[in-house]
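Text of final.pdb (PDB, C-alpha atoms and all ligand atoms) as supplied:
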```
ATOM      1  CA  MET A   1       3.418   7.938 -31.022
ATOM      2  CA  SER A   2      -0.220   8.367 -32.090
ATOM      3  CA  GLU A   3      -2.967   9.533 -29.739
ATOM      4  CA  PRO A   4      -3.825   7.021 -27.036
ATOM      5  CA  LEU A   5      -7.010   5.042 -27.443
ATOM      6  CA  LEU A   6      -7.672   4.976 -23.705
ATOM      7  CA  VAL A   7      -5.858   6.465 -20.737
ATOM      8  CA  PHE A   8      -6.432   4.945 -17.301
ATOM      9  CA  ARG A   9      -5.426   7.397 -14.582
ATOM     10  CA  GLY A  10      -4.915   7.204 -10.861
ATOM     11  CA  ILE A  11      -5.807   3.529 -10.502
ATOM     12  CA  GLU A  12      -5.923   2.511  -6.863
ATOM     13  CA  LYS A  13      -6.782  -0.959  -5.621
ATOM     14  CA  THR A  14      -6.885  -2.122  -2.049
ATOM     15  CA  PHE A  15      -7.521  -5.729  -0.978
ATOM     16  CA  ALA A  16      -7.956  -6.220   2.753
ATOM     17  CA  GLU A  17      -6.202  -2.923   3.545
ATOM     18  CA  THR A  18      -3.211  -3.738   1.329
ATOM     19  CA  ASN A  19      -2.620  -1.301  -1.519
ATOM     20  CA  ILE A  20      -2.066  -3.501  -4.548
ATOM     21  CA  LEU A  21      -2.088  -0.615  -7.037
ATOM     22  CA  ARG A  22      -1.025   2.903  -6.049
ATOM     23  CA  ASN A  23      -1.954   5.727  -8.348
ATOM     24  CA  VAL A  24      -1.159   3.795 -11.539
ATOM     25  CA  ASP A  25      -1.463   5.571 -14.914
ATOM     26  CA  ILE A  26      -1.451   3.548 -18.123
ATOM     27  CA  SER A  27      -2.121   4.631 -21.722
ATOM     28  CA  LEU A  28      -3.195   2.169 -24.410
ATOM     29  CA  TYR A  29      -2.245   2.992 -28.005
ATOM     30  CA  PRO A  30      -3.754   1.557 -31.181
ATOM     31  CA  GLY A  31      -1.392  -0.883 -32.897
ATOM     32  CA  LYS A  32       0.973  -1.033 -29.909
ATOM     33  CA  CYS A  33       1.791  -3.815 -27.488
ATOM     34  CA  ILE A  34       2.603  -3.248 -23.824
ATOM     35  CA  LEU A  35       4.488  -5.840 -21.792
ATOM     36  CA  LEU A  36       3.600  -5.790 -18.113
ATOM     37  CA  SER A  37       6.120  -7.683 -16.012
ATOM     38  CA  GLY A  38       6.379  -8.062 -12.241
ATOM     39  CA  ASN A  39       6.754 -10.636  -9.501
ATOM     40  CA  ASN A  40       4.009 -13.023  -8.445
ATOM     41  CA  GLY A  41       1.381 -11.100  -6.558
ATOM     42  CA  SER A  42       2.551  -7.695  -7.818
ATOM     43  CA  GLY A  43      -0.908  -6.948  -9.231
ATOM     44  CA  LYS A  44      -0.607  -7.665 -12.965
ATOM     45  CA  THR A  45      -3.831  -9.662 -13.207
ATOM     46  CA  THR A  46      -5.640  -7.158 -11.010
ATOM     47  CA  LEU A  47      -4.574  -4.306 -13.312
ATOM     48  CA  LEU A  48      -5.687  -6.177 -16.461
ATOM     49  CA  LYS A  49      -9.031  -6.993 -14.870
ATOM     50  CA  ILE A  50      -9.614  -3.362 -13.908
ATOM     51  CA  ILE A  51      -8.850  -2.323 -17.511
ATOM     52  CA  ALA A  52     -11.269  -5.018 -18.728
ATOM     53  CA  GLY A  53     -14.023  -3.969 -16.330
ATOM     54  CA  LEU A  54     -13.909  -7.322 -14.511
ATOM     55  CA  GLU A  55     -12.581  -5.975 -11.206
ATOM     56  CA  THR A  56     -13.680  -2.739  -9.569
ATOM     57  CA  PRO A  57     -10.875  -0.333  -8.615
ATOM     58  CA  SER A  58     -10.921   1.593  -5.349
ATOM     59  CA  ARG A  59     -10.401   4.659  -7.540
ATOM     60  CA  ALA A  60      -9.682   5.286 -11.243
ATOM     61  CA  GLU A  61     -10.493   7.559 -14.136
ATOM     62  CA  ILE A  62     -10.581   6.844 -17.839
ATOM     63  CA  GLU A  63      -9.869   9.369 -20.588
ATOM     64  CA  PHE A  64     -10.993   8.938 -24.153
ATOM     65  CA  SER A  65     -12.056  11.245 -26.972
ATOM     66  CA  GLY A  66     -10.468  14.116 -25.048
ATOM     67  CA  LYS A  67     -12.659  13.707 -21.955
ATOM     68  CA  SER A  68     -12.116  12.265 -18.513
ATOM     69  CA  HIS A  69     -14.736  10.003 -16.947
ATOM     70  CA  SER A  70     -15.009   8.059 -13.723
ATOM     71  CA  TRP A  71     -14.067   4.388 -14.227
ATOM     72  CA  LYS A  72     -17.573   3.345 -13.274
ATOM     73  CA  SER A  73     -19.377   5.536 -15.779
ATOM     74  CA  ALA A  74     -16.927   4.906 -18.654
ATOM     75  CA  ILE A  75     -16.401   1.185 -18.328
ATOM     76  CA  ARG A  76     -19.952   0.311 -19.289
ATOM     77  CA  SER A  77     -19.575   1.893 -22.706
ATOM     78  CA  ILE A  78     -16.030   0.691 -23.461
ATOM     79  CA  ARG A  79     -16.228  -2.837 -22.019
ATOM     80  CA  ARG A  80     -17.439  -4.292 -25.310
ATOM     81  CA  GLU A  81     -14.256  -3.121 -27.024
ATOM     82  CA  ILE A  82     -11.982  -4.913 -24.556
ATOM     83  CA  ILE A  83     -11.312  -8.636 -24.279
ATOM     84  CA  TYR A  84      -9.429 -10.242 -21.400
ATOM     85  CA  LEU A  85      -7.938 -13.707 -21.955
ATOM     86  CA  HIS A  86      -7.087 -15.844 -18.976
ATOM     87  CA  GLN A  87      -3.798 -17.761 -18.963
ATOM     88  CA  GLN A  88      -5.556 -21.073 -19.433
ATOM     89  CA  PRO A  89      -8.219 -20.119 -21.927
ATOM     90  CA  TYR A  90     -11.519 -21.792 -21.344
ATOM     91  CA  LEU A  91     -12.394 -23.699 -24.499
ATOM     92  CA  LEU A  92     -15.814 -25.191 -24.993
ATOM     93  CA  SER A  93     -16.222 -28.846 -25.731
ATOM     94  CA  GLY A  94     -16.755 -29.009 -29.472
ATOM     95  CA  THR A  95     -14.719 -28.358 -32.567
ATOM     96  CA  VAL A  96     -12.225 -25.577 -33.178
ATOM     97  CA  GLU A  97     -14.725 -24.123 -35.622
ATOM     98  CA  SER A  98     -17.539 -24.001 -33.077
ATOM     99  CA  ASN A  99     -15.240 -22.422 -30.495
ATOM    100  CA  VAL A 100     -14.192 -19.693 -32.917
ATOM    101  CA  SER A 101     -17.790 -18.995 -33.935
ATOM    102  CA  TYR A 102     -19.050 -18.862 -30.354
ATOM    103  CA  GLY A 103     -18.829 -15.102 -29.759
ATOM    104  CA  LEU A 104     -20.446 -14.338 -33.087
ATOM    105  CA  ARG A 105     -23.709 -15.900 -31.962
ATOM    106  CA  PHE A 106     -24.470 -12.670 -30.175
ATOM    107  CA  THR A 107     -23.966 -10.528 -33.286
ATOM    108  CA  HIS A 108     -26.410  -9.896 -36.104
ATOM    109  CA  LEU A 109     -24.691 -11.996 -38.745
ATOM    110  CA  ASN A 110     -26.836 -14.441 -40.693
ATOM    111  CA  ARG A 111     -25.723 -18.078 -41.036
ATOM    112  CA  LYS A 112     -23.875 -17.575 -44.300
ATOM    113  CA  GLN A 113     -22.029 -14.498 -43.041
ATOM    114  CA  LEU A 114     -21.175 -16.345 -39.849
ATOM    115  CA  ARG A 115     -19.744 -19.306 -41.774
ATOM    116  CA  GLU A 116     -17.678 -17.031 -43.995
ATOM    117  CA  SER A 117     -16.421 -15.039 -41.082
ATOM    118  CA  VAL A 118     -15.339 -18.198 -39.229
ATOM    119  CA  LYS A 119     -13.658 -19.581 -42.348
ATOM    120  CA  GLU A 120     -11.736 -16.358 -42.844
ATOM    121  CA  ALA A 121     -10.651 -16.351 -39.184
ATOM    122  CA  LEU A 122      -9.482 -19.978 -39.282
ATOM    123  CA  GLU A 123      -7.442 -19.267 -42.403
ATOM    124  CA  TRP A 124      -6.068 -16.099 -40.868
ATOM    125  CA  ALA A 125      -4.854 -18.088 -37.858
ATOM    126  CA  GLY A 126      -3.578 -21.112 -39.791
ATOM    127  CA  LEU A 127      -6.200 -23.288 -38.096
ATOM    128  CA  ALA A 128      -8.156 -24.377 -41.168
ATOM    129  CA  ASP A 129      -6.627 -27.866 -41.046
ATOM    130  CA  VAL A 130      -7.867 -28.496 -37.516
ATOM    131  CA  ALA A 131     -11.253 -26.798 -37.939
ATOM    132  CA  LYS A 132     -13.199 -30.017 -37.410
ATOM    133  CA  GLN A 133     -11.120 -31.339 -34.540
ATOM    134  CA  GLN A 134     -12.225 -31.275 -30.919
ATOM    135  CA  ALA A 135     -10.541 -28.153 -29.512
ATOM    136  CA  LYS A 136      -9.739 -29.694 -26.144
ATOM    137  CA  THR A 137      -7.756 -32.541 -27.726
ATOM    138  CA  LEU A 138      -5.211 -30.174 -29.292
ATOM    139  CA  SER A 139      -1.879 -29.107 -27.814
ATOM    140  CA  GLY A 140      -1.753 -26.179 -25.395
ATOM    141  CA  GLY A 141      -0.140 -23.944 -28.022
ATOM    142  CA  VAL A 142      -2.850 -24.621 -30.597
ATOM    143  CA  GLN A 143      -5.576 -24.167 -27.965
ATOM    144  CA  GLN A 144      -4.109 -20.757 -27.140
ATOM    145  CA  ARG A 145      -4.248 -19.839 -30.842
ATOM    146  CA  VAL A 146      -7.896 -20.936 -30.915
ATOM    147  CA  ALA A 147      -8.529 -18.603 -27.982
ATOM    148  CA  PHE A 148      -6.710 -15.727 -29.757
ATOM    149  CA  THR A 149      -8.786 -16.357 -32.885
ATOM    150  CA  ARG A 150     -12.030 -16.440 -30.910
ATOM    151  CA  ALA A 151     -11.064 -13.008 -29.585
ATOM    152  CA  TRP A 152      -9.813 -11.656 -32.931
ATOM    153  CA  ILE A 153     -13.034 -12.477 -34.746
ATOM    154  CA  LEU A 154     -14.894 -10.096 -32.418
ATOM    155  CA  LYS A 155     -12.557  -7.257 -33.467
ATOM    156  CA  PRO A 156     -11.924  -5.763 -30.029
ATOM    157  CA  LYS A 157      -9.934  -2.526 -29.850
ATOM    158  CA  VAL A 158      -8.023  -3.819 -26.845
ATOM    159  CA  LEU A 159      -6.814  -7.355 -26.149
ATOM    160  CA  LEU A 160      -5.514  -8.179 -22.663
ATOM    161  CA  LEU A 161      -3.496 -11.393 -22.402
ATOM    162  CA  ASP A 162      -2.613 -12.785 -18.998
ATOM    163  CA  GLU A 163       0.599 -14.868 -19.231
ATOM    164  CA  PRO A 164      -0.265 -16.120 -22.715
ATOM    165  CA  MET A 165       3.080 -17.786 -23.411
ATOM    166  CA  ALA A 166       3.643 -19.376 -20.015
ATOM    167  CA  ASN A 167       3.199 -22.994 -21.065
ATOM    168  CA  MET A 168       4.368 -22.816 -24.663
ATOM    169  CA  ASP A 169       7.384 -24.255 -26.393
ATOM    170  CA  ILE A 170       9.419 -22.043 -28.730
ATOM    171  CA  GLU A 171       7.581 -23.001 -31.903
ATOM    172  CA  SER A 172       4.149 -22.348 -30.335
ATOM    173  CA  ARG A 173       5.376 -19.003 -29.015
ATOM    174  CA  GLU A 174       6.551 -17.984 -32.452
ATOM    175  CA  GLN A 175       3.197 -18.909 -33.996
ATOM    176  CA  ALA A 176       1.288 -17.101 -31.250
ATOM    177  CA  CYS A 177       3.563 -14.070 -31.628
ATOM    178  CA  ASP A 178       2.992 -14.008 -35.332
ATOM    179  CA  LEU A 179      -0.775 -13.768 -34.772
ATOM    180  CA  LEU A 180      -0.335 -11.035 -32.180
ATOM    181  CA  LYS A 181       1.927  -9.013 -34.495
ATOM    182  CA  ARG A 182      -0.726  -9.221 -37.183
ATOM    183  CA  MET A 183      -3.379  -8.071 -34.718
ATOM    184  CA  LYS A 184      -1.153  -5.103 -33.899
ATOM    185  CA  SER A 185      -0.732  -4.256 -37.565
ATOM    186  CA  GLU A 186      -4.528  -4.188 -37.823
ATOM    187  CA  GLY A 187      -4.562  -1.495 -35.123
ATOM    188  CA  MET A 188      -5.388  -3.568 -32.053
ATOM    189  CA  SER A 189      -3.957  -2.432 -28.739
ATOM    190  CA  ILE A 190      -2.474  -5.359 -26.797
ATOM    191  CA  VAL A 191      -1.319  -5.739 -23.203
ATOM    192  CA  ILE A 192       0.577  -8.888 -22.222
ATOM    193  CA  THR A 193       1.679  -9.925 -18.758
ATOM    194  CA  SER A 194       4.763 -12.077 -18.403
ATOM    195  CA  HIS A 195       7.515 -12.914 -15.950
ATOM    196  CA  ASP A 196       9.879 -13.440 -18.813
ATOM    197  CA  THR A 197      10.841 -10.033 -20.162
ATOM    198  CA  ASN A 198      12.778 -11.073 -23.258
ATOM    199  CA  ILE A 199      10.464 -13.685 -24.669
ATOM    200  CA  ILE A 200       8.803 -11.924 -27.465
ATOM    201  CA  ASP A 201      11.081 -10.308 -30.022
ATOM    202  CA  GLY A 202       9.563  -7.652 -32.217
ATOM    203  CA  LEU A 203       6.205  -7.722 -30.483
ATOM    204  CA  ILE A 204       6.678  -5.426 -27.496
ATOM    205  CA  ASP A 205       6.632  -1.643 -28.003
ATOM    206  CA  ILE A 206       6.428  -0.505 -24.389
ATOM    207  CA  HIS A 207       7.624  -2.323 -21.272
ATOM    208  CA  PHE A 208       6.393  -1.587 -17.738
ATOM    209  CA  SER A 209       7.353  -3.360 -14.586
ATOM    210  CA  LEU A 210       4.941  -3.441 -11.668
ATOM    211  CA  SER A 211       6.402  -3.343  -8.192
ATOM    212  CA  ASP A 212       5.139  -1.960  -4.874
ATOM    213  CA  GLY A 213       1.927  -1.007  -6.624
ATOM    214  CA  LYS A 214       3.694   1.296  -9.114
ATOM    215  CA  LEU A 215       4.555   1.052 -12.793
ATOM    216  CA  ASP A 216       8.138   1.801 -13.897
TER     217      ASP A 216
HETATM  218  N1  LIG B 301     -10.102 -11.077  -4.910
HETATM  219  C1  LIG B 301      -9.042 -10.875  -4.113
HETATM  220  N2  LIG B 301      -9.189 -10.729  -2.799
HETATM  221  C2  LIG B 301      -8.119 -10.494  -1.995
HETATM  222  N3  LIG B 301      -6.864 -10.383  -2.438
HETATM  223  C3  LIG B 301      -6.657 -10.516  -3.747
HETATM  224  C4  LIG B 301      -7.724 -10.767  -4.681
HETATM  225  N4  LIG B 301      -7.214 -10.845  -5.930
HETATM  226  C5  LIG B 301      -5.891 -10.654  -5.800
HETATM  227  N5  LIG B 301      -5.553 -10.462  -4.509
HETATM  228  C6  LIG B 301      -4.185 -10.196  -3.996
HETATM  229  O1  LIG B 301      -3.675  -9.085  -4.716
HETATM  230  C7  LIG B 301      -2.293  -9.278  -5.010
HETATM  231  C8  LIG B 301      -2.084  -9.137  -6.509
HETATM  232  O2  LIG B 301      -2.639 -10.270  -7.164
HETATM  233  P1  LIG B 301      -2.563 -10.469  -8.723
HETATM  234  O3  LIG B 301      -3.222 -11.755  -9.010
HETATM  235  O4  LIG B 301      -3.092  -9.261  -9.407
HETATM  236  O5  LIG B 301      -0.993 -10.548  -8.956
HETATM  237  P2  LIG B 301      -0.190 -11.034 -10.242
HETATM  238  O6  LIG B 301       0.901 -10.040 -10.457
HETATM  239  O7  LIG B 301      -1.119 -11.277 -11.353
HETATM  240  O8  LIG B 301       0.439 -12.406  -9.728
HETATM  241  P3  LIG B 301       0.865 -13.707 -10.598
HETATM  242  O9  LIG B 301       2.180 -13.367 -11.248
HETATM  243  O10 LIG B 301       1.004 -14.772  -9.573
HETATM  244  O11 LIG B 301      -0.224 -13.986 -11.573
HETATM  245  C9  LIG B 301      -1.912 -10.629  -4.431
HETATM  246  O12 LIG B 301      -1.340 -10.408  -3.183
HETATM  247  C10 LIG B 301      -3.239 -11.332  -4.299
HETATM  248  O13 LIG B 301      -3.201 -12.256  -3.259
HETATM  249 MG    MG B 302      -1.593 -12.951 -12.493
END
```

Take the structure in the file and write it out as structure tokens.
Amino acid sequence: MSEPLLVFRGIEKTFAETNILRNVDISLYPGKCILLSGNNGSGKTTLLKIIAGLETPSRAEIEFSGKSHSWKSAIRSIRREIIYLHQQPYLLSGTVESNVSYGLRFTHLNRKQLRESVKEALEWAGLADVAKQQAKTLSGGVQQRVAFTRAWILKPKVLLLDEPMANMDIESREQACDLLKRMKSEGMSIVITSHDTNIIDGLIDIHFSLSDGKLD
């Protein structure tokens, strides 16, 4: 396997004196997808949020470019490269197109570049036909693909997906998987949480199970 993009070491998290994560190490590789399974309450979401910089660990270090840093000092500089997607993605009222373009408002693209970039993304995701539709009126599976595309267009190095397939039928899962496989082939590092460990053929490269605060 290639060099890891990021290595999180010694993650500890305590909520109200309960150790949710105990000395967890996890390496993220470019172009690889990790499945994180575990029972309800085992700490999957907490771990993703610590990786995303959305939850503060009790202790953790991050290694990249051959150096080790405290979580606190490193996360500020790497946070921009990491996107966390909630199970029920929050879509804005408005069209699919406007949802996909949303994150790009904070970049330096001019209007024409922005339009082209959104068009390319919608085609990439097979969403061109619904570009003008109100995002919130679409099926759950299509809404999830809109959320993936809104993330993809920002070109993060790491994409963290919390139970992305939970409410999808088989066809929607296959379409979502297809997008995720293409993201992997473009070098993105993906972490998915799921209860269902055999859902996603050909997508998962590494499987960890979280129990008693430890990864196996
Ligand atoms: N902000 C918080 N304050 C206190 N306890 C919390 C907080 N967030 C999570 N917990 C507790 O930490 C444990 C792990 O929660 P977490 O949401 O990470 O689990 P999970 O594996 O994602 O569960 P699920 O499969 O239900 O999504 C649970 O016992 C939860 O109640
Ligand atoms: Mg969770």

Report task. Using only C-alpha atoms and all ligand atoms, determine which residues fall within 7 Å of ligand MG 302 (chain B), then list them as JSON, numbers by chain. Result -> {"A": [40, 41, 43, 44, 45, 162]}

Query raised in the report: Which residues fall under the PyMOL selection byres (((chain A and resi 155) around 12) and not hetatm) in this file, as a list in words?
Result: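 Applying the expression gives Arg80, Glu81, Ile82, Ile83, Gly103, Leu104, Thr107, Ser117, Ala121, Phe148, Thr149, Arg150, Ala151, Trp152, Ile153, Leu154, Pro156, Lys157, Val158, Leu159, Met183, Lys184, Glu186, Gly187, Met188 and Ser189 of chain A.
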
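Comparing A:Arg115, A:His195, A:Lys67, A:His207 by their smallest distance to ligand LIG 301 (chain B), the closest is A:His195 (using all atoms listed in the file).
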
Query raised in the report: Can I get the residues close to ligand LIG 301 (chain B) as a PyMOL selection string, where close means within 10 Å and we count all atoms listed in the file?
Result: chain A and resi 13-21+36-50+55+87+162-163+193-195+210-211+213

Requested in this report: Work out how far atom CA of A:Lys214 is from atom CA of A:His69, in Å to one decimal.
Outcome: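 We find that atom CA of A:His69 and atom CA of A:Lys214 lie 21.8 Å from each other.
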
Requested in this report: Could you check how far atom CA of A:Ala125 sits from atom CA of A:Ser172, in Å to one decimal?
Outcome: 12.5 Å

Contacts between stretch 132-147 of chain A and stretch 71-115 of chain A, please, where a residue of stretch 71-115 of chain A counts if it comes within 7 Å (with all atoms listed in the file); show its shortest atom pair and distance in Å to one decimal, rows by chain and ascending number, as a Markdown table.
```
| residue | atom | partner | partner_atom | distance |
| --- | --- | --- | --- | --- |
| A:Pro89 | CA | A:Ala147 | CA | 6.2 |
| A:Leu91 | CA | A:Lys136 | CA | 6.8 |
| A:Ser93 | CA | A:Lys136 | CA | 6.6 |
| A:Gly94 | CA | A:Gln134 | CA | 5.3 |
| A:Thr95 | CA | A:Gln134 | CA | 4.2 |
| A:Val96 | CA | A:Ala135 | CA | 4.8 |
| A:Glu97 | CA | A:Lys132 | CA | 6.3 |
| A:Val100 | CA | A:Val146 | CA | 6.7 |
```

Query raised in the report: Counting all atoms listed in the file, what is within 10 Å of A:Cys177, bar same-chain residues fewer than 5 positions away, as a list of chain:residue names?
Result: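 Here the answer would be A:Arg145, A:Pro164, A:Met165, A:Glu171, A:Ser172, A:Arg182, A:Met183, A:Ile199, A:Ile200, A:Asp201, A:Gly202, A:Leu203.
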
Please list as a PDB file with C-alpha atoms, in the frame of the given file every residue within 7 Å of A:Leu35, counting all atoms listed in the file and excluding residues in the same chain fewer than 3 positions away.
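Saved file result14.pdb follows:
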```
ATOM      1  CA  VAL A 191      -1.319  -5.739 -23.203  1.00  0.00           C
ATOM      2  CA  ILE A 192       0.577  -8.888 -22.222  1.00  0.00           C
ATOM      3  CA  THR A 193       1.679  -9.925 -18.758  1.00  0.00           C
ATOM      4  CA  ILE A 204       6.678  -5.426 -27.496  1.00  0.00           C
ATOM      5  CA  ILE A 206       6.428  -0.505 -24.389  1.00  0.00           C
ATOM      6  CA  HIS A 207       7.624  -2.323 -21.272  1.00  0.00           C
ATOM      7  CA  PHE A 208       6.393  -1.587 -17.738  1.00  0.00           C
TER       8      PHE A 208
END
```

Report task. Return the single residue from A:Cys33, A:Ala176, A:Leu160, A:Ile26 that is closest to A:Glu63, with distances computed using all atoms listed in the file. Result ->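 Using all atoms listed in the file, the shortest distance to A:Glu63 belongs to A:Ile26.
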
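For the residues A:Leu92, A:Leu109, A:Leu127, A:Val7, ranking by smallest atom-to-atom distance to A:Ala74 using only C-alpha atoms places A:Val7 first.
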